[in-house]
file final_14.cif (mmCIF, C-alpha atoms)
data_entry
#
loop_
_atom_site.group_PDB
_atom_site.id
_atom_site.type_symbol
_atom_site.label_atom_id
_atom_site.label_comp_id
_atom_site.auth_asym_id
_atom_site.auth_seq_id
_atom_site.Cartn_x
_atom_site.Cartn_y
_atom_site.Cartn_z
ATOM 1 C CA MET A 1 0.000 0.000 0.000
ATOM 2 C CA THR A 2 1.354 3.408 -0.966
ATOM 3 C CA GLU A 3 1.702 5.853 1.911
ATOM 4 C CA ALA A 4 -0.031 9.217 1.435
ATOM 5 C CA ARG A 5 2.214 12.196 1.112
ATOM 6 C CA ALA A 6 2.684 14.240 4.274
ATOM 7 C CA GLY A 7 0.685 17.453 4.500
ATOM 8 C CA PHE A 8 1.003 20.938 5.992
ATOM 9 C CA ALA A 9 0.044 19.875 9.542
ATOM 10 C CA GLU A 10 2.648 17.102 9.504
ATOM 11 C CA GLY A 11 5.222 19.664 8.418
ATOM 12 C CA LEU A 12 4.363 21.916 11.345
ATOM 13 C CA ALA A 13 4.687 18.981 13.746
ATOM 14 C CA ALA A 14 8.019 17.873 12.268
ATOM 15 C CA ALA A 15 9.378 21.406 12.736
ATOM 16 C CA LEU A 16 8.856 21.411 16.513
ATOM 17 C CA PRO A 17 12.457 20.414 17.455
ATOM 18 C CA VAL A 18 13.834 23.007 15.037
ATOM 19 C CA ALA A 19 11.491 25.731 16.281
ATOM 20 C CA LEU A 20 12.375 25.007 19.921
ATOM 21 C CA GLY A 21 16.049 25.366 19.062
ATOM 22 C CA TYR A 22 15.602 28.435 16.871
ATOM 23 C CA PHE A 23 13.729 30.670 19.307
ATOM 24 C CA PRO A 24 16.464 31.042 21.973
ATOM 25 C CA ILE A 25 19.206 31.457 19.350
ATOM 26 C CA ALA A 26 17.177 34.126 17.546
ATOM 27 C CA PHE A 27 16.549 35.780 20.919
ATOM 28 C CA SER A 28 20.312 35.900 21.366
ATOM 29 C CA PHE A 29 20.673 37.448 17.911
ATOM 30 C CA GLY A 30 18.099 40.124 18.747
ATOM 31 C CA VAL A 31 20.047 40.960 21.900
ATOM 32 C CA ALA A 32 23.347 41.058 19.969
ATOM 33 C CA ALA A 33 21.855 43.334 17.309
ATOM 34 C CA SER A 34 20.493 45.664 19.975
ATOM 35 C CA ARG A 35 23.909 45.697 21.661
ATOM 36 C CA ALA A 36 25.520 46.650 18.340
ATOM 37 C CA GLY A 37 23.235 49.673 18.042
ATOM 38 C CA PHE A 38 20.569 48.335 15.683
ATOM 39 C CA SER A 39 16.918 49.218 16.230
ATOM 40 C CA VAL A 40 14.213 46.602 16.738
ATOM 41 C CA THR A 41 13.031 47.107 13.151
ATOM 42 C CA GLU A 42 16.535 46.716 11.736
ATOM 43 C CA ALA A 43 17.152 43.541 13.746
ATOM 44 C CA VAL A 44 13.880 42.005 12.589
ATOM 45 C CA VAL A 45 14.592 42.904 8.957
ATOM 46 C CA PHE A 46 17.865 40.960 9.258
ATOM 47 C CA SER A 47 15.895 37.856 10.267
ATOM 48 C CA LEU A 48 13.132 38.399 7.718
ATOM 49 C CA VAL A 49 15.488 38.809 4.762
ATOM 50 C CA ILE A 50 18.763 37.025 5.525
ATOM 51 C CA TYR A 51 17.292 34.253 7.728
ATOM 52 C CA SER A 52 20.591 32.529 8.465
ATOM 53 C CA GLY A 53 21.916 32.301 11.997
ATOM 54 C CA ALA A 54 25.663 32.370 11.411
ATOM 55 C CA ALA A 55 25.356 34.871 8.565
ATOM 56 C CA GLN A 56 23.213 37.217 10.658
ATOM 57 C CA PHE A 57 25.619 37.278 13.585
ATOM 58 C CA LEU A 58 28.476 37.869 11.144
ATOM 59 C CA ALA A 59 26.531 40.588 9.314
ATOM 60 C CA VAL A 60 25.934 42.481 12.553
ATOM 61 C CA ALA A 61 29.642 42.238 13.422
ATOM 62 C CA LEU A 62 30.715 43.374 9.950
ATOM 63 C CA VAL A 63 28.295 46.307 9.739
ATOM 64 C CA ALA A 64 28.955 47.423 13.318
ATOM 65 C CA GLY A 65 32.699 47.161 12.680
ATOM 66 C CA GLY A 66 32.496 49.408 9.616
ATOM 67 C CA ALA A 67 33.426 46.774 7.029
ATOM 68 C CA PRO A 68 32.975 47.886 3.394
ATOM 69 C CA LEU A 69 29.561 47.023 1.980
ATOM 70 C CA LEU A 70 30.914 44.928 -0.895
ATOM 71 C CA VAL A 71 33.170 42.918 1.413
ATOM 72 C CA SER A 72 30.258 42.255 3.753
ATOM 73 C CA ALA A 73 27.965 41.264 0.884
ATOM 74 C CA PHE A 74 30.422 38.850 -0.742
ATOM 75 C CA THR A 75 31.288 37.275 2.614
ATOM 76 C CA LEU A 76 27.635 36.591 3.387
ATOM 77 C CA ILE A 77 26.992 35.263 -0.130
ATOM 78 C CA ALA A 78 29.952 32.890 0.153
ATOM 79 C CA MET A 79 28.633 31.599 3.481
ATOM 80 C CA GLY A 80 25.225 30.928 1.938
ATOM 81 C CA LEU A 81 26.371 29.104 -1.194
ATOM 82 C CA ARG A 82 25.861 25.719 0.451
ATOM 83 C CA HIS A 83 22.108 26.301 0.419
ATOM 84 C CA LEU A 84 22.067 26.046 -3.378
ATOM 85 C CA ALA A 85 22.677 22.311 -3.054
ATOM 86 C CA TYR A 86 19.909 21.656 -0.523
ATOM 87 C CA GLY A 87 16.914 21.778 -2.878
ATOM 88 C CA PRO A 88 18.303 19.425 -5.573
ATOM 89 C CA ALA A 89 19.702 17.048 -2.933
ATOM 90 C CA LEU A 90 16.379 16.908 -1.113
ATOM 91 C CA MET A 91 14.364 16.321 -4.281
ATOM 92 C CA LYS A 92 16.750 13.554 -5.322
ATOM 93 C CA ALA A 93 16.430 11.869 -1.925
ATOM 94 C CA ALA A 94 12.641 12.207 -2.114
ATOM 95 C CA GLY A 95 12.533 10.609 -5.560
ATOM 96 C CA GLY A 96 11.148 13.678 -7.286
ATOM 97 C CA GLY A 97 7.661 15.073 -6.858
ATOM 98 C CA PRO A 98 5.777 18.327 -7.470
ATOM 99 C CA THR A 99 8.044 21.368 -7.623
ATOM 100 C CA ARG A 100 5.706 24.066 -8.942
ATOM 101 C CA ARG A 101 6.100 26.129 -5.767
ATOM 102 C CA ALA A 102 9.692 25.200 -4.999
ATOM 103 C CA TRP A 103 10.717 28.828 -5.475
ATOM 104 C CA ALA A 104 8.686 29.643 -2.344
ATOM 105 C CA TRP A 105 9.379 26.781 0.082
ATOM 106 C CA ALA A 106 13.067 26.607 -0.899
ATOM 107 C CA PHE A 107 13.551 29.920 0.949
ATOM 108 C CA GLY A 108 12.997 28.040 4.198
ATOM 109 C CA LEU A 109 15.679 25.386 3.533
ATOM 110 C CA THR A 110 18.052 26.236 6.336
ATOM 111 C CA ASP A 111 20.608 23.701 7.563
ATOM 112 C CA GLU A 112 18.273 22.425 10.269
ATOM 113 C CA VAL A 113 15.132 22.336 8.098
ATOM 114 C CA PHE A 114 17.082 20.396 5.479
ATOM 115 C CA GLY A 115 18.288 17.970 8.146
ATOM 116 C CA ALA A 116 14.760 17.543 9.526
ATOM 117 C CA ALA A 117 13.391 16.847 6.035
ATOM 118 C CA LEU A 118 16.072 14.218 5.405
ATOM 119 C CA GLY A 119 15.230 12.648 8.747
ATOM 120 C CA GLU A 120 11.577 12.353 7.776
ATOM 121 C CA LEU A 121 12.574 10.712 4.490
ATOM 122 C CA ALA A 122 14.810 8.266 6.342
ATOM 123 C CA ARG A 123 11.834 7.293 8.511
ATOM 124 C CA GLY A 124 9.752 6.476 5.436
ATOM 125 C CA ARG A 125 7.696 9.657 5.074
ATOM 126 C CA ARG A 126 6.868 10.845 1.560
ATOM 127 C CA LEU A 127 7.489 14.558 1.252
ATOM 128 C CA SER A 128 5.176 17.037 -0.436
ATOM 129 C CA GLU A 129 5.165 20.765 -1.022
ATOM 130 C CA PRO A 130 2.531 21.373 1.725
ATOM 131 C CA PHE A 131 4.775 19.461 4.147
ATOM 132 C CA MET A 132 7.780 21.603 3.203
ATOM 133 C CA PHE A 133 5.709 24.771 3.629
ATOM 134 C CA GLY A 134 4.653 23.669 7.124
ATOM 135 C CA LEU A 135 8.184 22.653 8.103
ATOM 136 C CA GLY A 136 9.726 25.864 6.797
ATOM 137 C CA LEU A 137 7.015 28.217 8.060
ATOM 138 C CA ALA A 138 7.149 26.957 11.654
ATOM 139 C CA ALA A 139 10.942 27.297 11.749
ATOM 140 C CA TYR A 140 10.823 30.752 10.128
ATOM 141 C CA GLY A 141 8.145 31.926 12.548
ATOM 142 C CA ALA A 142 10.178 30.769 15.535
ATOM 143 C CA TRP A 143 13.279 32.537 14.243
ATOM 144 C CA VAL A 144 11.564 35.857 13.523
ATOM 145 C CA SER A 145 9.565 35.874 16.774
ATOM 146 C CA GLY A 146 12.707 35.050 18.746
ATOM 147 C CA THR A 147 14.473 37.985 17.104
ATOM 148 C CA VAL A 148 11.595 40.319 17.980
ATOM 149 C CA ALA A 149 11.657 39.191 21.616
ATOM 150 C CA GLY A 150 15.433 39.569 21.891
ATOM 151 C CA ALA A 151 15.514 42.986 20.248
ATOM 152 C CA LEU A 152 12.698 44.243 22.486
ATOM 153 C CA ALA A 153 14.457 42.880 25.588
ATOM 154 C CA GLY A 154 17.527 44.971 24.751
ATOM 155 C CA ASP A 155 21.260 44.510 25.060
ATOM 156 C CA GLY A 156 21.193 43.795 28.787
ATOM 157 C CA ALA A 157 18.777 40.850 28.631
ATOM 158 C CA LEU A 158 21.469 38.162 28.979
ATOM 159 C CA ALA A 159 23.987 40.161 31.001
ATOM 160 C CA ALA A 160 23.136 38.265 34.183
ATOM 161 C CA PHE A 161 23.515 34.891 32.439
ATOM 162 C CA PRO A 162 26.947 34.842 30.732
ATOM 163 C CA ALA A 163 27.065 31.034 30.610
ATOM 164 C CA VAL A 164 23.706 30.900 28.859
ATOM 165 C CA GLU A 165 24.789 33.579 26.389
ATOM 166 C CA ALA A 166 27.991 31.674 25.580
ATOM 167 C CA GLY A 167 26.153 28.368 25.224
ATOM 168 C CA LEU A 168 23.601 29.738 22.757
ATOM 169 C CA GLY A 169 26.363 30.091 20.183
ATOM 170 C CA PHE A 170 26.706 26.302 20.042
ATOM 171 C CA MET A 171 23.016 25.488 19.731
ATOM 172 C CA LEU A 172 22.708 25.835 15.942
ATOM 173 C CA PRO A 173 25.586 23.482 15.037
ATOM 174 C CA ALA A 174 24.554 21.123 17.844
ATOM 175 C CA LEU A 175 20.970 20.982 16.544
ATOM 176 C CA PHE A 176 22.085 20.337 12.974
ATOM 177 C CA LEU A 177 24.548 17.664 14.118
ATOM 178 C CA ALA A 178 21.840 15.915 16.158
ATOM 179 C CA LEU A 179 19.515 15.847 13.155
ATOM 180 C CA LEU A 180 22.206 14.380 10.915
ATOM 181 C CA LEU A 181 23.377 11.800 13.460
ATOM 182 C CA SER A 182 19.830 10.457 13.688
ATOM 183 C CA ILE A 183 19.910 9.417 10.006
ATOM 184 C CA MET A 184 23.613 8.697 9.509
ATOM 185 C CA SER A 185 24.711 5.241 8.378
ATOM 186 C CA ARG A 186 28.115 3.565 8.624
ATOM 187 C CA ALA A 187 28.572 3.854 4.850
ATOM 188 C CA GLN A 188 28.530 7.656 5.151
ATOM 189 C CA LEU A 189 31.307 7.866 7.746
ATOM 190 C CA PRO A 190 34.264 8.088 5.268
ATOM 191 C CA VAL A 191 32.599 10.963 3.397
ATOM 192 C CA ILE A 192 31.854 12.816 6.641
ATOM 193 C CA ALA A 193 35.428 12.258 7.812
ATOM 194 C CA VAL A 194 36.863 13.683 4.583
ATOM 195 C CA ALA A 195 34.585 16.728 4.719
ATOM 196 C CA GLY A 196 35.360 17.338 8.393
ATOM 197 C CA LEU A 197 39.124 17.048 8.043
ATOM 198 C CA VAL A 198 39.256 19.325 4.997
ATOM 199 C CA THR A 199 37.003 21.864 6.714
ATOM 200 C CA MET A 200 39.194 21.982 9.819
ATOM 201 C CA ALA A 201 42.461 22.166 7.856
ATOM 202 C CA VAL A 202 41.351 24.969 5.550
ATOM 203 C CA MET A 203 39.588 26.800 8.375
ATOM 204 C CA LEU A 204 42.811 26.923 10.398
ATOM 205 C CA ALA A 205 44.818 28.032 7.357
ATOM 206 C CA GLN A 206 42.441 30.411 5.565
ATOM 207 C CA GLY A 207 39.444 31.155 7.772
ATOM 208 C CA VAL A 208 35.914 29.973 8.503
ATOM 209 C CA THR A 209 34.275 30.775 5.158
ATOM 210 C CA ALA A 210 36.995 29.101 3.087
ATOM 211 C CA GLY A 211 36.898 26.093 5.413
ATOM 212 C CA ILE A 212 33.144 25.602 5.049
ATOM 213 C CA LEU A 213 33.226 25.905 1.254
ATOM 214 C CA SER A 214 36.229 23.583 0.948
ATOM 215 C CA GLY A 215 34.640 21.005 3.237
ATOM 216 C CA MET A 216 31.445 21.044 1.185
ATOM 217 C CA LEU A 217 33.364 20.524 -2.048
ATOM 218 C CA ALA A 218 35.535 17.761 -0.558
ATOM 219 C CA GLY A 219 32.490 15.968 0.858
ATOM 220 C CA ALA A 220 30.646 16.168 -2.465
ATOM 221 C CA LEU A 221 33.634 14.798 -4.383
ATOM 222 C CA ALA A 222 34.182 12.020 -1.843
ATOM 223 C CA GLY A 223 30.506 11.062 -2.020
ATOM 224 C CA GLN A 224 30.569 10.939 -5.816
ATOM 225 C CA GLY A 225 33.740 8.832 -5.723
ATOM 226 C CA ARG A 226 32.103 6.208 -3.497
ATOM 227 C CA ARG A 227 29.152 5.848 -5.861
ATOM 228 C CA ARG A 228 31.289 4.951 -8.859
#

call {"tool": "encode", "arguments": {"input": "final_14.cif", "output": "structure tokens"}}
result
Amino acid sequence: MTEARAGFAEGLAAALPVALGYFPIAFSFGVAASRAGFSVTEAVVFSLVIYSGAAQFLAVALVAGGAPLLVSAFTLIAMGLRHLAYGPALMKAAGGGPTRRAWAWAFGLTDEVFGAALGELARGRRLSEPFMFGLGLAAYGAWVSGTVAGALAGDGALAAFPAVEAGLGFMLPALFLALLLSIMSRAQLPVIAVAGLVTMAVMLAQGVTAGILSGMLAGALAGQGRRR
């Protein structure tokens, strides 16, 4: 019997772990933006338009530090290039399907949403565009509302909790890693090892952005090599 494709409500439910992780991190971003001198409106616009945790924190640091606009723009674009691979990779894993509104739900394909979608596929769920809208919308709503709350709280909101403030910086990578570990198989370990080693080596030599891009490329090449 063929399983029905998951719908919008299932997408909202699947997004719960992501949304619970996003809200406190976005709250931290709102506080950081307020501390850097941005207004509530400016902080929220960052989350509405950029919608990328690491890129938003970096953007605030670059703009507040007086970095040239072109340098800031190219740095953020380079950090976001990995997202171009998420849509095709997800559709391939899902075995195809309707893509008429992919231009809309693809906006919500963050690292964690992508990981959650892969996890649902690994558990036998058939994806659909309504499911992806629900998954992406719940995560997006949590991120934007967390930013609003943090910006309204102001730059002193986490001053009394330095350990909490420091720990929030690790929540995004920890969440993404947990999602991937839940669907990882032994056959994928060599590819992950190659990507991780290249990322660390290039990051230490050239910086974070170069390390991430190099690790992505190395992982993709290693994965293609194992399929031949």

call {"tool": "atom_distance", "arguments": {"input": "final_14.cif", "atom1": "atom CA of A:Ser214", "atom2": "atom CA of A:Leu197"}}
result
10.1 Å

call {"tool": "residues_around", "arguments": {"input": "final_14.cif", "residues": "A:Ala151", "least_positions_apart": "5", "cutoff": "12 Å", "atoms": "all atoms listed in the file", "output": "PyMOL selection string"}}
result
chain A and resi 26-47+144-146+156-158

call {"tool": "residues_near_point", "arguments": {"input": "final_14.cif", "point": "(38.0, 23.7, 9.2)", "cutoff": "10 Å", "atoms": "only C-alpha atoms", "output": "list in words"}}
result
Ala195, Gly196, Leu197, Val198, Thr199, Met200, Ala201, Val202, Met203, Leu204, Ala205, Gln206, Gly207, Val208, Thr209, Ala210, Gly211, Ile212, Leu213, Ser214 and Gly215 of chain A

call {"tool": "resolve_selection", "arguments": {"input": "final_14.cif", "expression": "the PyMOL selection byres ((chain A and resi 77-92) around 7)", "output": "short mmCIF file (atom, residue, chain, number, x, y, z; two decimals) with C-alpha atoms, keeping the file's coordinate frame"}}
result
data_model
loop_
_atom_site.label_atom_id
_atom_site.label_comp_id
_atom_site.auth_asym_id
_atom_site.auth_seq_id
_atom_site.Cartn_x
_atom_site.Cartn_y
_atom_site.Cartn_z
CA ALA A 55 25.36 34.87 8.56
CA ALA A 73 27.96 41.26 0.88
CA PHE A 74 30.42 38.85 -0.74
CA THR A 75 31.29 37.28 2.61
CA LEU A 76 27.64 36.59 3.39
CA ALA A 93 16.43 11.87 -1.92
CA ALA A 94 12.64 12.21 -2.11
CA GLY A 95 12.53 10.61 -5.56
CA GLY A 96 11.15 13.68 -7.29
CA ALA A 106 13.07 26.61 -0.90
CA LEU A 109 15.68 25.39 3.53
CA PHE A 114 17.08 20.40 5.48
CA THR A 209 34.28 30.78 5.16
#

call {"tool": "closest_residue", "arguments": {"input": "final_14.cif", "among": "A:Pro190, A:Gly150, A:Gly134, A:Gly219", "to": "A:Ala9", "atoms": "all atoms listed in the file"}}
result
A:Gly134

call {"tool": "residues_around", "arguments": {"input": "final_14.cif", "residues": "A:Phe131", "least_positions_apart": "2", "cutoff": "12 Å", "atoms": "only C-alpha atoms", "output": "JSON, numbers by chain"}}
result
{"A": [4, 5, 6, 7, 8, 9, 10, 11, 12, 13, 14, 15, 98, 102, 105, 108, 113, 116, 117, 120, 121, 125, 126, 127, 128, 129, 133, 134, 135, 136, 137, 138]}

call {"tool": "closest_residue", "arguments": {"input": "final_14.cif", "among": "A:Leu62, A:Val148, A:Leu217, A:Leu70", "to": "A:Val191", "atoms": "all atoms listed in the file"}}
result
A:Leu217

call {"tool": "closest_residue", "arguments": {"input": "final_14.cif", "among": "A:Val63, A:Leu118, A:Leu58, A:Met132", "to": "A:Ala104", "atoms": "only C-alpha atoms"}}
result
A:Met132
